[in-house]
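Data block below; observations after.
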Amino acid sequence: QSEETIKFGLCFDLSKSYTFVTPQVAQAAQDLAMYTNDNGGIEGHPIEIIVRDHGNEPQRGVECYEQLKRDGVFIFNFMSTPVTNAVLPRAMNDENILMQSFVGRGDAVDGEVFEWVFPVGPTYWQQAANDVAFIKDQLDGDLSDAKIGFIYLDYPFGQEPIEILRTLSEREGFELELYPVPLPGSDQSSAWSSIRRDQPDYVISWLLAGGHVVASKEMRRNRFPIDRYIAVNWFNEVDISNIGAEEATGILRGTNVAGGQEVPIVRLMLDTYYADGNGSGPESLVRDVYYNTGMAMFSTAFEAARIAVAEDGWPLTPESMKTAYESLSGFDGDGVMAPVTVTPEDHGGGGKTRIEQWDGENWVPLTDWSADYLDIVWEVIKESSESFSVE
Amino acid sequence: MDWIFLSELAINGALTGLLYSLFAIGLVLIYKASSVPNLAQAGLTMVGAYVVLALARDLGLPLWLAIPIGAVIMFGLGFGIERVALRRLAGRPVVMILMMTLGLDIFLRGTTLAIWGGTSRSMELGVSYDPLFLGDIFISRIHVVGAAVAIGLFVAFMLFFRTRTGIKLRAIADDYMASWSVGISVERGVGLSWALASVVAMAAGVIWGEIQGVDQALSLLLLKGLTVAVLGGLDSILGAVVAGILLGIIENVGADFLDPLVGGGSRELIVAAVLILTVMIRPHGLFGRHDIERV
Amino acid sequence: MFYRLSGVHHANYVSDSRIFKVPADRNLAVFVLLFGLAAPFIVPSLYLNSYMLPWLIWTAAALGLNLVTGWAGQLHLGYAAVMAVGAYASIHAARFGIPWEFALIIGGLASSVIGSLFAFAALRVKGLYLALTTLAMQFVMDWVLTHSPAITGGSHASLQSPTLALLGQDITSDTGYYYVAFGWCVLVTIFMLNLKRTGLGRALVAVREKDFAAAILGVNSFYYKILAFATSSFIAGVSGALLVATFFFLAAPEQFSVAVSIQVLAMVIVGGLGSIIGSYLGVALILLVPGIVNGIVSGGSQSLGMQINVETLAHIPNAVYGALIVIILLIEPLGLGKLYGNIRDYLMVWPFDQLRK
Amino acid sequence: MTDKRETKSHADDGAILACSGIERRFGGIVAVTGVDFVIHPKEIFGLVGPNGSGKTTLTNAITGFYPPNVGTVRLAGNDITGTAPHKVAKLGVARTFQNLALFNGMSVLDNILLGRHIHMNPGVLRTALYWWAAQREEIENRKVVEEVIEFLQLESIRHEMVDGLPIGLKKRVELARALVAEPQMLILDEPMAGMNQEEKGYMSRFILDARAERGVSVLLIEHHMDVIIGICDRMLALNYGEMIASGIPREVVKDPRVIEAYVGGAHD
Amino acid sequence: MQDKVEAQPILSMNSVEVLYDNVMLAIKGVSVQVPKGEMIALLGSNGAGKSTTLKAISGLLKAERGRVSRGEIKFEGTDITDMLAQNRVAQGICHVIEGRRVFEHLTPEENLTAAAPSGMSRSALNVEKEKIYNYFPRLAERRNSLSGYLSGGEQQMLAIGRALVTQPKLLMLDEPSLGLAPFLVAEIFGILQKINKEDGMSVLLVEQNALAALEIVSEGYLIENGRVVMNGTAEALKANSDIQEFYLGAGEGTDFHNVKHYSRRKRWLS
Ligand SMILES: Nc1ncnc2c1ncn2[C@@H]1O[C@H](COP(=O)(O)OP(=O)(O)OP(=O)(O)O)[C@@H](O)[C@H]1O
Ligand SMILES: Nc1ncnc2c1ncn2[C@@H]1O[C@H](COP(=O)(O)OP(=O)(O)OP(=O)(O)O)[C@@H](O)[C@H]1O
Ligand SMILES: [Mg+2]
Ligand SMILES: [Mg+2]
């Protein structure tokens, strides 16, 4: 019986740096697995979600990987850049599937180099490029006189988009101003004083969790219009409530998933399980965009598994899973995310994002799902992935 | 040279610096009263913020009630820590005590988060975020409030260390054995210093919580707090205040010059450099006591 | 019963200065050594690879830190940064085509050089102040690593390690990795054991205890402090390089962060300052306990059918980890090594109560 | 400071230790000033003075801990003024400390072995290759140490940790540690503080024997006047950092200035 | 010996045993009585257990991981064997510990303040301080400089002064003459005698300097190897030939050149 299950290994950082997102994602995975299992599993095979904590320590991440590997897991998700990096060479060697949406190295979307890595969703590079495209749109298609500020956590996560932004600023002729903020992002006063002085048209923000809250306070103090602030996708309801729903009105967010509870699949979970208190965790976590993020990640994975078993039959293998992933086309998890089309070359699925605005109660999409500057982004990806080679 | 901008950087730096002082005063208190370098101060700060939050949000108490009750709880916690963890290590080498406080820090953080979860929560003190103007200079109100608290605590503790109890605490820091021999209750003294430091930690936690939200990032204040404490002289309350202001200014103004040169993030570098330079050039800091060492 | 001092007489100085004076100790050491050699054939590969291998490498590293903290008495909170230097230097050297044997030595030497910079702080200050300085230096190193793509390998700050090869042999199997780690750990251990009975070890302890008294015996404390830092940094560097070459296969700054420095220090102190067996035990405890507690807690809550919040579950091991440090320091401030010693002493006189001249 | 080459002065010819015009200040405090004296080979030289008169400071000036601000120290004719303590040790000066400076984490044997440090050559590689490099040296030095252990009757506590020993034995271990270095000059700072008459007797015996058998010269600081009178050949009395009398002990103690500043009405 | 003491002793210690670290038996059945208002000396060679005896009385053993494993200690009739150190001080026992451990970073003035009992009023404290400065005029001169920089003798005076602030009924001193110049020893002993006479304070004095000690005390105990081997009046002790040989010396003219290499063993040890 137990050989019959499909196991997903979630080695998450549930206790250190990524706790703002991992509980929601884990809960989404468990809910979705429960729902799938209640409805006959994947072609009759139940899904098992195994959650472990690695505390964002590479050491423990590797341990978790090896242990779950022995237990027969070959689809992994680590939700941490350092741990994903630490496990990457092993997973590539062992030819195991690494789900890597939204974290880890951006060039991993290059399926030709990172054959076993599936960062379905936009890379940070693509997301930043899409943000620039949005600004260009707002400024009537011309960026040559524009000034764009980039406020970021001074740490690999925040530094990631700098290169692409530089390239774009050369291409489009806008002025790029960088405002690094030291970890953990709580001290931004001098950055915003400079922003007030420089008066950029828009500020793109690569901050996390509390960082947005601090930024909103600084914006008020420095009288910077909040509707010129484009947050990275890591910006959720908790942050909104910490800022104050009213105060946050007008703030922008680049995102790759549809937020809110009216997304069909989220509604389904609420109605099926949470209405009777049978969810895998507290309902409060469901009312969070990161829950939707988790739904997006795992509905894609489950869909890939379904295709794999349907096409190649049982047992599911890393190879069949990989092939199935690479055959996903226009999949959008019933509206929870941007439609993705994964190919052997592009494991990212197209990199579509959209810009949403908080209207005081809800996120309102301002644009459609789209991906811009693909050529430039891929140039950077190729350049970077070239330097990686598994030996 | 943009003088207005520079003075704004300096003033805001000084205010932020005073908030570091708020944190550092707790360190200094314990060091002054028991020669223990307390690396658990960050953990205590977190606990303090969460306790107040739990009282205010989960129990629905008004802030003016939650804060004093929180203070009482923290006071008790401080005594408890001395009783359980430090009493047995009295007189042991500094390494062990250092490790003990580090262990305590990890324990306090783990426990707090296991109880309340890691999601960032906001501390609403009701301080407005509209800027305060000083000529053309923008100043943040919450920072002014924090600075006022820091200075208030500074005055209170300066007076405290002149009282007989204060002198006894300093005596304890000098020599446990001699203190016992003249009937000073070392345990109670050290406990008192931890209790007071815990209350100070709560004050820091509440103010910082309002500024950056209540989550484990609060524990990252440790390096800055330590730098301030060392720069001021580990056993000098006045030092903690002056050094806080200094560090705040150096950091804020320095980073503005350096960031464009080194590609960002020079703040931590500046803090680390200040710490290293202080220790190398003037280990006892600006106002700290000198070691009396004789061959 | 097994341990007996009576009947053991040392007839000459060679035997009086043996590493293990009690035959039972010697036998135990031989047994452990044999077990270590046979491990790949006995221990399942999961345990070999994800527990024993890191345990051995971290033990070697911890022994290095023990040299500088336990023996020479210099608090060091920047040890992970020194390991990072060795790791990056070795990997760059190996990527450059230098044979691994030399690449490891280059890594060790690079660490020695940078590690000796830490020693200059130690020449001026001690105790708490030194701890803080080294901590600050760790922050500086962290900053340098995250801000120099040239060192850390591009914007992802991760650097792929080439395949390890020693003596012309490519090493790619778990067994191979294990033996490399084992060999290194044995080398470091032998060095540390010898340290206990030579002038160098005594000089280091002298510097730790009272540097002015050491000076009047002709011990140049500057020199020995630097020597201690350089040697321990060399061990750190090679250990760091091996950690990447046999375990992570890829170096990233997070593998050598402040938290890691604190962790190594915890290993050494929980194990017992200056205790070699203590370092083995301390590393085992600090490295393995969070994972074990995690397993127990999640396993336990599942089998009891409790619905505990994942976050709560995740933080409990941390609380336990902290509590463990506190508890061990409370039970025996001198660490696990002393605890082991107590048990051993007890066995030595068993079944009698206490033996006192 | 004078050049090391031309330091042979006529007056000190043959002297093992010669101090001239030593002055040492701490901030505003002048701890020692204008002190001149010589110690001849195989001489036991006493140094007395009230507390804070600068006795310890003077020894610190000689051994390099607090180099003199003014004046020169010569050892067997060579200028050693301001030489670092570890180098002074290599040149043949050993000392004990007023407040005991044993290494608590070590056994008596290891403590004494440390006294041999200057005759050994420890290194990282030698330690790593113990059996091939360091073992012989360790054993040779151990033999020397055992001789001194026997001489000072410390056999029974050889392997004990020094922490738990009573002060008297600790002082003896410290003396052993100084003696194994085979110094020309031995400086003892209050070796008999806290000892009763019997123990003082033992200690005096050891000092006399050390001179007789090992030929060392001794600078002895003591508050026990009977010991000073009993075993010193010559002595010097300090007060407020200045010399107030020097010469044969029996005569110096009768000096009214010494009586006023130091001995007082009491006599023991 | 009981018959010699008219009044009830202020302190009586009966067959007390002390263990360090639970293994090391430091004193073995020591009994000592201190009559009210008297000065008593405790003599003995190194490591005999004198300091341990004092610590057992003052409760400072705990700080060194020692404990009283047998016997009882009574102070003014109440059993204090298990009392906390600070409570014993409040009861009126103060111990001037070995090695002049003054609070180095405090001024003499603050040292005295630190030792004041919590109940003492500010004016009472000032009176007390003046009294101490009267006993030790040298301290008054340096009352506001850091104690760490005082000379050895001054530190010893401060340590005694600090003990007096606690208003002890029994003052215990551990080798107050250690490392002090002869005239200072005389000065300090003189002052002790004066305090004893004027205030009627009982004193228990541990000394190596038996000659000086036996001059001022009325009675003495001799401890060897953790046991009391002899006790009697000062006169009786001074007359004892062993005491003369091992503790007093043959006066000024001891010829150390003639000390034998292996001297005769003490009678009481055989
Ligand atoms: N490191 C120092 N810093 C400042 N002052 C010092 C230092 N060492 C000694 N002194 C001062 O120098 C003077 C002489 O002190 P020293 O220790 O030499 O006296 P001593 O004769 O050895 O006295 P004792 O008999 O008490 O040992 C004293 O006033 C002392 O306070
Ligand atoms: N903290 C301790 N731990 C273990 N043993 C101790 C401790 N303190 C003293 N001892 C031992 O107890 C015995 C008695 O010591 P104590 O200090 O009482 O002697 P003493 O008579 O005061 O001698 P001294 O003249 O050296 O001061 C000694 O053998 C000593 O080694
Ligand atoms: Mg002296
Ligand atoms: Mg004693």
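Chain lettering (A, B, ...) mirrors the order of the structure tokens, residue numbering begins at 1 for each chain separately, and ligand numbering begins at 1 in order of display.
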Query raised in the report: Among range 86-154 of chain E, which ones does DSSP place in strand (DSSP E or B), written as a PyMOL selection string?
Result: chain E and resi 93-96
Query raised in the report: Residues at most 8 Å from range 174-177 of chain B, counting only C-alpha atoms, excluding those fewer than 4 positions away in the same chain, as number ranges by chain?
Result: B: 34-35, 91, 170, 181, 186; E: 60, 63, 101-105
May I have the selected residues written with N, CA, C and O atoms, as an mmCIF file, in the first residue's frame?
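Heads up, here's the output in part17.cif:
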data_model
loop_
_atom_site.group_PDB
_atom_site.id
_atom_site.type_symbol
_atom_site.label_atom_id
_atom_site.label_comp_id
_atom_site.auth_asym_id
_atom_site.auth_seq_id
_atom_site.Cartn_x
_atom_site.Cartn_y
_atom_site.Cartn_z
ATOM 1 N N SER B 34 26.996 42.721 37.543
ATOM 2 C CA SER B 34 27.486 41.371 37.801
ATOM 3 C C SER B 34 28.602 40.956 36.867
ATOM 4 O O SER B 34 28.989 39.797 36.852
ATOM 5 N N SER B 35 29.111 41.892 36.087
ATOM 6 C CA SER B 35 30.202 41.579 35.158
ATOM 7 C C SER B 35 29.837 40.465 34.185
ATOM 8 O O SER B 35 30.701 39.775 33.686
ATOM 9 N N GLY B 91 31.031 33.095 39.146
ATOM 10 C CA GLY B 91 32.457 32.936 39.344
ATOM 11 C C GLY B 91 33.138 32.044 38.326
ATOM 12 O O GLY B 91 34.324 31.786 38.424
ATOM 13 N N ARG B 170 27.271 47.516 42.219
ATOM 14 C CA ARG B 170 28.608 47.697 41.646
ATOM 15 C C ARG B 170 29.642 46.887 42.414
ATOM 16 O O ARG B 170 30.596 46.355 41.847
ATOM 17 N N SER B 181 30.942 38.227 51.870
ATOM 18 C CA SER B 181 31.562 38.297 53.189
ATOM 19 C C SER B 181 31.067 39.497 53.979
ATOM 20 O O SER B 181 31.156 39.498 55.195
ATOM 21 N N VAL B 186 24.328 38.561 47.061
ATOM 22 C CA VAL B 186 24.757 38.605 45.663
ATOM 23 C C VAL B 186 23.656 38.114 44.743
ATOM 24 O O VAL B 186 23.367 38.719 43.715
ATOM 25 N N LEU E 60 30.722 31.089 53.924
ATOM 26 C CA LEU E 60 31.256 31.358 52.589
ATOM 27 C C LEU E 60 31.717 30.083 51.873
ATOM 28 O O LEU E 60 32.234 30.132 50.772
ATOM 29 N N ALA E 63 30.299 29.227 48.293
ATOM 30 C CA ALA E 63 30.860 29.864 47.104
ATOM 31 C C ALA E 63 32.018 29.052 46.536
ATOM 32 O O ALA E 63 32.382 29.213 45.385
ATOM 33 N N ARG E 101 40.447 41.482 49.786
ATOM 34 C CA ARG E 101 39.604 41.642 48.609
ATOM 35 C C ARG E 101 38.684 42.848 48.767
ATOM 36 O O ARG E 101 37.524 42.723 49.078
ATOM 37 N N VAL E 102 39.220 44.026 48.519
ATOM 38 C CA VAL E 102 38.367 45.219 48.547
ATOM 39 C C VAL E 102 37.677 45.339 47.191
ATOM 40 O O VAL E 102 38.059 44.681 46.236
ATOM 41 N N PHE E 103 36.642 46.154 47.136
ATOM 42 C CA PHE E 103 35.985 46.401 45.845
ATOM 43 C C PHE E 103 36.833 47.401 45.076
ATOM 44 O O PHE E 103 36.769 48.607 45.325
ATOM 45 N N GLU E 104 37.617 46.900 44.149
ATOM 46 C CA GLU E 104 38.659 47.721 43.550
ATOM 47 C C GLU E 104 38.160 48.930 42.779
ATOM 48 O O GLU E 104 38.798 49.957 42.740
ATOM 49 N N HIS E 105 37.001 48.783 42.147
ATOM 50 C CA HIS E 105 36.522 49.898 41.325
ATOM 51 C C HIS E 105 35.647 50.872 42.096
ATOM 52 O O HIS E 105 35.049 51.764 41.524
#
Residues at most 10 Å from Ile160 in chain E, counting only C-alpha atoms, excluding those fewer than 2 positions away in the same chain, as a short mmCIF file (atom, residue, chain, number, x, y, z; two decimals) with all heavy atoms, in the first residue's frame?
data_model
loop_
_atom_site.label_atom_id
_atom_site.label_comp_id
_atom_site.auth_asym_id
_atom_site.auth_seq_id
_atom_site.Cartn_x
_atom_site.Cartn_y
_atom_site.Cartn_z
N CYS E 94 31.16 38.77 60.99
CA CYS E 94 31.74 39.27 59.75
C CYS E 94 33.14 38.72 59.56
O CYS E 94 33.93 38.63 60.49
CB CYS E 94 31.75 40.80 59.70
SG CYS E 94 32.03 41.38 58.03
N HIS E 95 33.42 38.35 58.33
CA HIS E 95 34.64 37.63 58.01
C HIS E 95 35.46 38.49 57.06
O HIS E 95 35.01 38.84 55.98
CB HIS E 95 34.20 36.31 57.33
CG HIS E 95 35.34 35.44 56.90
ND1 HIS E 95 35.15 34.23 56.30
CD2 HIS E 95 36.68 35.58 57.00
CE1 HIS E 95 36.30 33.67 56.02
NE2 HIS E 95 37.25 34.47 56.43
N VAL E 96 36.64 38.87 57.48
CA VAL E 96 37.53 39.60 56.59
C VAL E 96 38.35 38.54 55.86
O VAL E 96 39.22 37.91 56.44
CB VAL E 96 38.47 40.54 57.37
CG1 VAL E 96 39.39 41.28 56.41
CG2 VAL E 96 37.67 41.52 58.18
N ILE E 97 38.02 38.32 54.59
CA ILE E 97 38.61 37.18 53.90
C ILE E 97 40.05 37.42 53.53
O ILE E 97 40.53 38.55 53.49
CB ILE E 97 37.78 36.79 52.66
CG1 ILE E 97 37.56 37.98 51.77
CG2 ILE E 97 36.48 36.14 53.06
CD1 ILE E 97 36.77 37.66 50.53
N ARG E 100 42.87 40.58 51.21
CA ARG E 100 42.41 41.98 51.05
C ARG E 100 41.54 42.17 49.84
O ARG E 100 41.88 42.94 48.93
CB ARG E 100 43.58 42.94 50.90
CG ARG E 100 44.77 42.61 51.72
CD ARG E 100 45.96 43.39 51.24
NE ARG E 100 47.15 42.83 51.84
CZ ARG E 100 48.35 42.87 51.28
NH1 ARG E 100 48.50 43.45 50.12
NH2 ARG E 100 49.37 42.35 51.89
N VAL E 102 39.22 44.03 48.52
CA VAL E 102 38.37 45.22 48.55
C VAL E 102 37.68 45.34 47.19
O VAL E 102 38.06 44.68 46.24
CB VAL E 102 39.18 46.49 48.84
CG1 VAL E 102 39.82 46.41 50.19
CG2 VAL E 102 40.24 46.71 47.76
N ILE E 132 35.30 54.82 61.69
CA ILE E 132 36.32 54.01 61.01
C ILE E 132 37.48 54.88 60.53
O ILE E 132 38.65 54.52 60.67
CB ILE E 132 35.67 53.23 59.85
CG1 ILE E 132 34.81 52.12 60.45
CG2 ILE E 132 36.72 52.63 58.94
CD1 ILE E 132 33.74 51.62 59.56
N PHE E 136 41.39 54.52 61.33
CA PHE E 136 42.38 54.43 60.25
C PHE E 136 42.50 55.77 59.53
O PHE E 136 41.92 55.97 58.47
CB PHE E 136 41.96 53.38 59.22
CG PHE E 136 41.76 52.01 59.79
CD1 PHE E 136 40.49 51.46 59.87
CD2 PHE E 136 42.84 51.24 60.21
CE1 PHE E 136 40.30 50.19 60.39
CE2 PHE E 136 42.65 49.97 60.72
CZ PHE E 136 41.37 49.44 60.82
N GLU E 154 46.90 49.74 53.20
CA GLU E 154 45.67 50.52 53.18
C GLU E 154 44.47 49.66 52.80
O GLU E 154 43.39 49.79 53.35
CB GLU E 154 45.81 51.70 52.21
CG GLU E 154 46.74 52.77 52.74
CD GLU E 154 47.24 53.73 51.66
OE1 GLU E 154 47.02 53.45 50.47
OE2 GLU E 154 47.83 54.75 52.02
N GLN E 155 44.72 48.76 51.86
CA GLN E 155 43.63 47.86 51.47
C GLN E 155 43.22 46.98 52.64
O GLN E 155 42.03 46.74 52.87
CB GLN E 155 44.04 46.99 50.28
CG GLN E 155 44.13 47.78 48.99
CD GLN E 155 44.34 46.89 47.78
OE1 GLN E 155 44.71 45.72 47.91
NE2 GLN E 155 44.13 47.44 46.60
N GLN E 156 44.20 46.52 53.41
CA GLN E 156 43.87 45.68 54.55
C GLN E 156 43.05 46.47 55.56
O GLN E 156 42.09 45.98 56.13
CB GLN E 156 45.15 45.15 55.19
CG GLN E 156 44.92 44.10 56.24
CD GLN E 156 44.25 42.85 55.67
OE1 GLN E 156 44.77 42.23 54.76
NE2 GLN E 156 43.08 42.53 56.17
N MET E 157 43.44 47.74 55.74
CA MET E 157 42.68 48.59 56.68
C MET E 157 41.26 48.77 56.17
O MET E 157 40.29 48.72 56.93
CB MET E 157 43.35 49.95 56.82
CG MET E 157 44.70 49.87 57.50
SD MET E 157 45.47 51.50 57.48
CE MET E 157 47.11 51.08 58.05
N LEU E 158 41.15 48.96 54.88
CA LEU E 158 39.81 49.16 54.30
C LEU E 158 38.97 47.91 54.49
O LEU E 158 37.79 47.98 54.83
CB LEU E 158 39.94 49.53 52.82
CG LEU E 158 38.62 49.73 52.09
CD1 LEU E 158 37.78 50.80 52.76
CD2 LEU E 158 38.86 50.12 50.63
N ARG E 162 35.59 47.98 56.37
CA ARG E 162 34.38 47.55 55.68
C ARG E 162 33.64 46.51 56.52
O ARG E 162 32.42 46.51 56.61
CB ARG E 162 34.77 46.96 54.33
CG ARG E 162 33.64 46.70 53.41
CD ARG E 162 34.16 46.17 52.09
NE ARG E 162 34.85 44.89 52.27
CZ ARG E 162 35.44 44.23 51.27
NH1 ARG E 162 35.46 44.74 50.06
NH2 ARG E 162 36.03 43.08 51.49
N ALA E 163 34.41 45.65 57.16
CA ALA E 163 33.76 44.64 58.00
C ALA E 163 33.11 45.30 59.21
O ALA E 163 32.02 44.92 59.64
CB ALA E 163 34.79 43.61 58.45
N LEU E 164 33.77 46.35 59.74
CA LEU E 164 33.22 47.00 60.94
C LEU E 164 31.87 47.66 60.66
O LEU E 164 31.02 47.75 61.53
CB LEU E 164 34.22 48.02 61.49
CG LEU E 164 35.50 47.42 62.06
CD1 LEU E 164 36.44 48.53 62.52
CD2 LEU E 164 35.18 46.48 63.21
N VAL E 165 31.68 48.12 59.40
CA VAL E 165 30.42 48.77 59.06
C VAL E 165 29.23 47.84 59.25
O VAL E 165 28.13 48.25 59.54
CB VAL E 165 30.45 49.29 57.60
CG1 VAL E 165 29.12 49.89 57.21
CG2 VAL E 165 31.53 50.32 57.44
N LEU E 171 34.16 39.43 64.95
CA LEU E 171 34.93 39.78 63.76
C LEU E 171 35.96 38.68 63.52
O LEU E 171 36.70 38.32 64.44
CB LEU E 171 35.62 41.13 63.96
CG LEU E 171 36.44 41.65 62.77
CD1 LEU E 171 35.51 41.98 61.61
CD2 LEU E 171 37.24 42.88 63.17
N MET E 172 35.96 38.13 62.30
CA MET E 172 36.95 37.10 62.01
C MET E 172 37.91 37.63 60.97
O MET E 172 37.49 38.17 59.95
CB MET E 172 36.24 35.86 61.47
CG MET E 172 35.20 35.31 62.43
SD MET E 172 34.69 33.68 61.96
CE MET E 172 33.80 34.01 60.48
N LEU E 173 39.19 37.46 61.22
CA LEU E 173 40.17 37.98 60.28
C LEU E 173 41.07 36.85 59.80
O LEU E 173 41.56 36.07 60.61
CB LEU E 173 41.03 39.05 60.92
CG LEU E 173 40.26 40.26 61.45
CD1 LEU E 173 40.46 40.40 62.93
CD2 LEU E 173 40.67 41.50 60.71
N PRO E 176 45.46 38.82 58.52
CA PRO E 176 45.51 40.26 58.19
C PRO E 176 46.93 40.76 58.00
O PRO E 176 47.14 41.78 57.36
CB PRO E 176 44.84 40.93 59.39
CG PRO E 176 44.93 39.95 60.49
CD PRO E 176 44.91 38.59 59.86
N ILE E 188 48.07 47.65 62.79
CA ILE E 188 46.77 47.02 62.63
C ILE E 188 46.40 46.20 63.86
O ILE E 188 45.27 46.26 64.36
CB ILE E 188 46.75 46.16 61.35
CG1 ILE E 188 46.69 47.11 60.15
CG2 ILE E 188 45.56 45.21 61.34
CD1 ILE E 188 46.69 46.42 58.82
N LEU E 192 43.16 46.64 66.27
CA LEU E 192 42.25 45.53 66.58
C LEU E 192 42.05 45.42 68.09
O LEU E 192 40.94 45.27 68.58
CB LEU E 192 42.81 44.21 66.04
CG LEU E 192 42.62 43.96 64.56
CD1 LEU E 192 43.26 42.63 64.16
CD2 LEU E 192 41.15 43.96 64.21
#
Query raised in the report: Where does DSSP see alpha helix (DSSP H) in range 11-162 of chain B, if you list the residues as a ChimeraX atom specification?
Result: /B:11-34,41-53,63-81,94-116,141-160
Report task. Collect all residues with atoms no farther than 7 Å from ligand 4, counting only C-alpha atoms and all ligand atoms, and output them as a PyMOL selection string. Result -> chain E and resi 47+49-51+98+174
Query raised in the report: Can you tell me, as number ranges by chain, what residues are no more than 7 Å from range 15-20 of chain A when counting only C-alpha atoms, ignoring any on the same chain fewer than 2 positions away?
Result: A: 13, 22-23, 55-56, 209; B: 118-119; C: 311, 314-315
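The residue that comes closest to chain C, out of A:Leu10, A:Val87, A:Val21, A:Val286 and on the basis of only C-alpha atoms, is A:Val87.
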**Report entry** Residue hits in chain C, query chain A, radius 10 Å, only C-alpha atoms, as a ChimeraX atom specification
**Finding:** /C:45-47,49-51,54,143,146-147,153-163,243-244,247-257,259-260,287-288,290-291,294-295,298,307-318
Report task. Enumerate as a ChimeraX atom specification the residues within 10 Å of ligand 3, counting only C-alpha atoms and all ligand atoms. Result -> /B:294-295 /D:48-60,97-99,189-190,221-223 /E:151-152,179-180
Requested in this report: Could you list the residues in chain D lying within 8 Å of chain C, using only C-alpha atoms, and format the result as a VMD selection string?
Outcome: chain D and resid 63 65 85 to 90 94 to 95 101 to 105 110 114 to 118 120 to 124 127 to 128 130 134 to 135 138 to 139 142 178 181
Query raised in the report: What lies within 9 Å of Gln184 in chain D using only C-alpha atoms, ignoring chain neighbours under 3 positions off, as JSON, numbers by chain?
Result: {"D": [16, 41, 42, 76, 91, 92, 93, 94, 214, 215, 216, 217, 218]}
Query - Residues of chain B within 6 Å of chain A, counting only C-alpha atoms, as a list in words - result: Gly118, Thr119, Ser122, Tyr129, Asp130, Pro131, Gln212, Gly264 and Gly265 of chain B
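Proximity to His45 in chain A at 9 Å, evaluated using only C-alpha atoms and with sequence-adjacent residues fewer than 6 positions away removed, yields Glu4, Thr5, Ile6 and Asn37 of chain A.
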Report task. Write as a ChimeraX atom specification the residues around ligand 2, taking 9 Å as the cut-off and counting only C-alpha atoms and all ligand atoms. Result -> /D:163-169,194-196 /E:18-21,23-27,43-55,61,63-66,98,174-175,206-208,223-226
Requested in this report: Name the residues in contact with Gly9 in chain A at a cut-off of 7 Å, using only C-alpha atoms, excluding same-chain residues fewer than 4 positions from it; report them as a list in words.
Outcome: Ile49, Ile50, Val51, Leu68, Val73, Ile75, Phe76 and Asn77 of chain A
Under the rule of at most 8 Å, produce a per-residue listing of range 38-81 of chain C near range 276-281 of chain C: chain, number, name, the closest pair of atoms, and the distance in Å, as JSON lines, using only C-alpha atoms.
{"residue": "C:Trp55", "atom": "CA", "partner": "C:Tyr280", "partner_atom": "CA", "distance": 8.0}
{"residue": "C:Thr59", "atom": "CA", "partner": "C:Tyr280", "partner_atom": "CA", "distance": 5.6}
{"residue": "C:Ala62", "atom": "CA", "partner": "C:Ser279", "partner_atom": "CA", "distance": 6.2}
{"residue": "C:Leu63", "atom": "CA", "partner": "C:Ser279", "partner_atom": "CA", "distance": 6.3}
{"residue": "C:Asn66", "atom": "CA", "partner": "C:Ser279", "partner_atom": "CA", "distance": 7.7}
Requested in this report: With a distance threshold of 8 Å and counting only C-alpha atoms, extract the residues of chain C near chain B and express them as a PyMOL selection string.
Outcome: chain C and resi 75+121+124-125+127-130+132-133+136-137+139-140+143+147+212+266+269+311-326+329-330+333
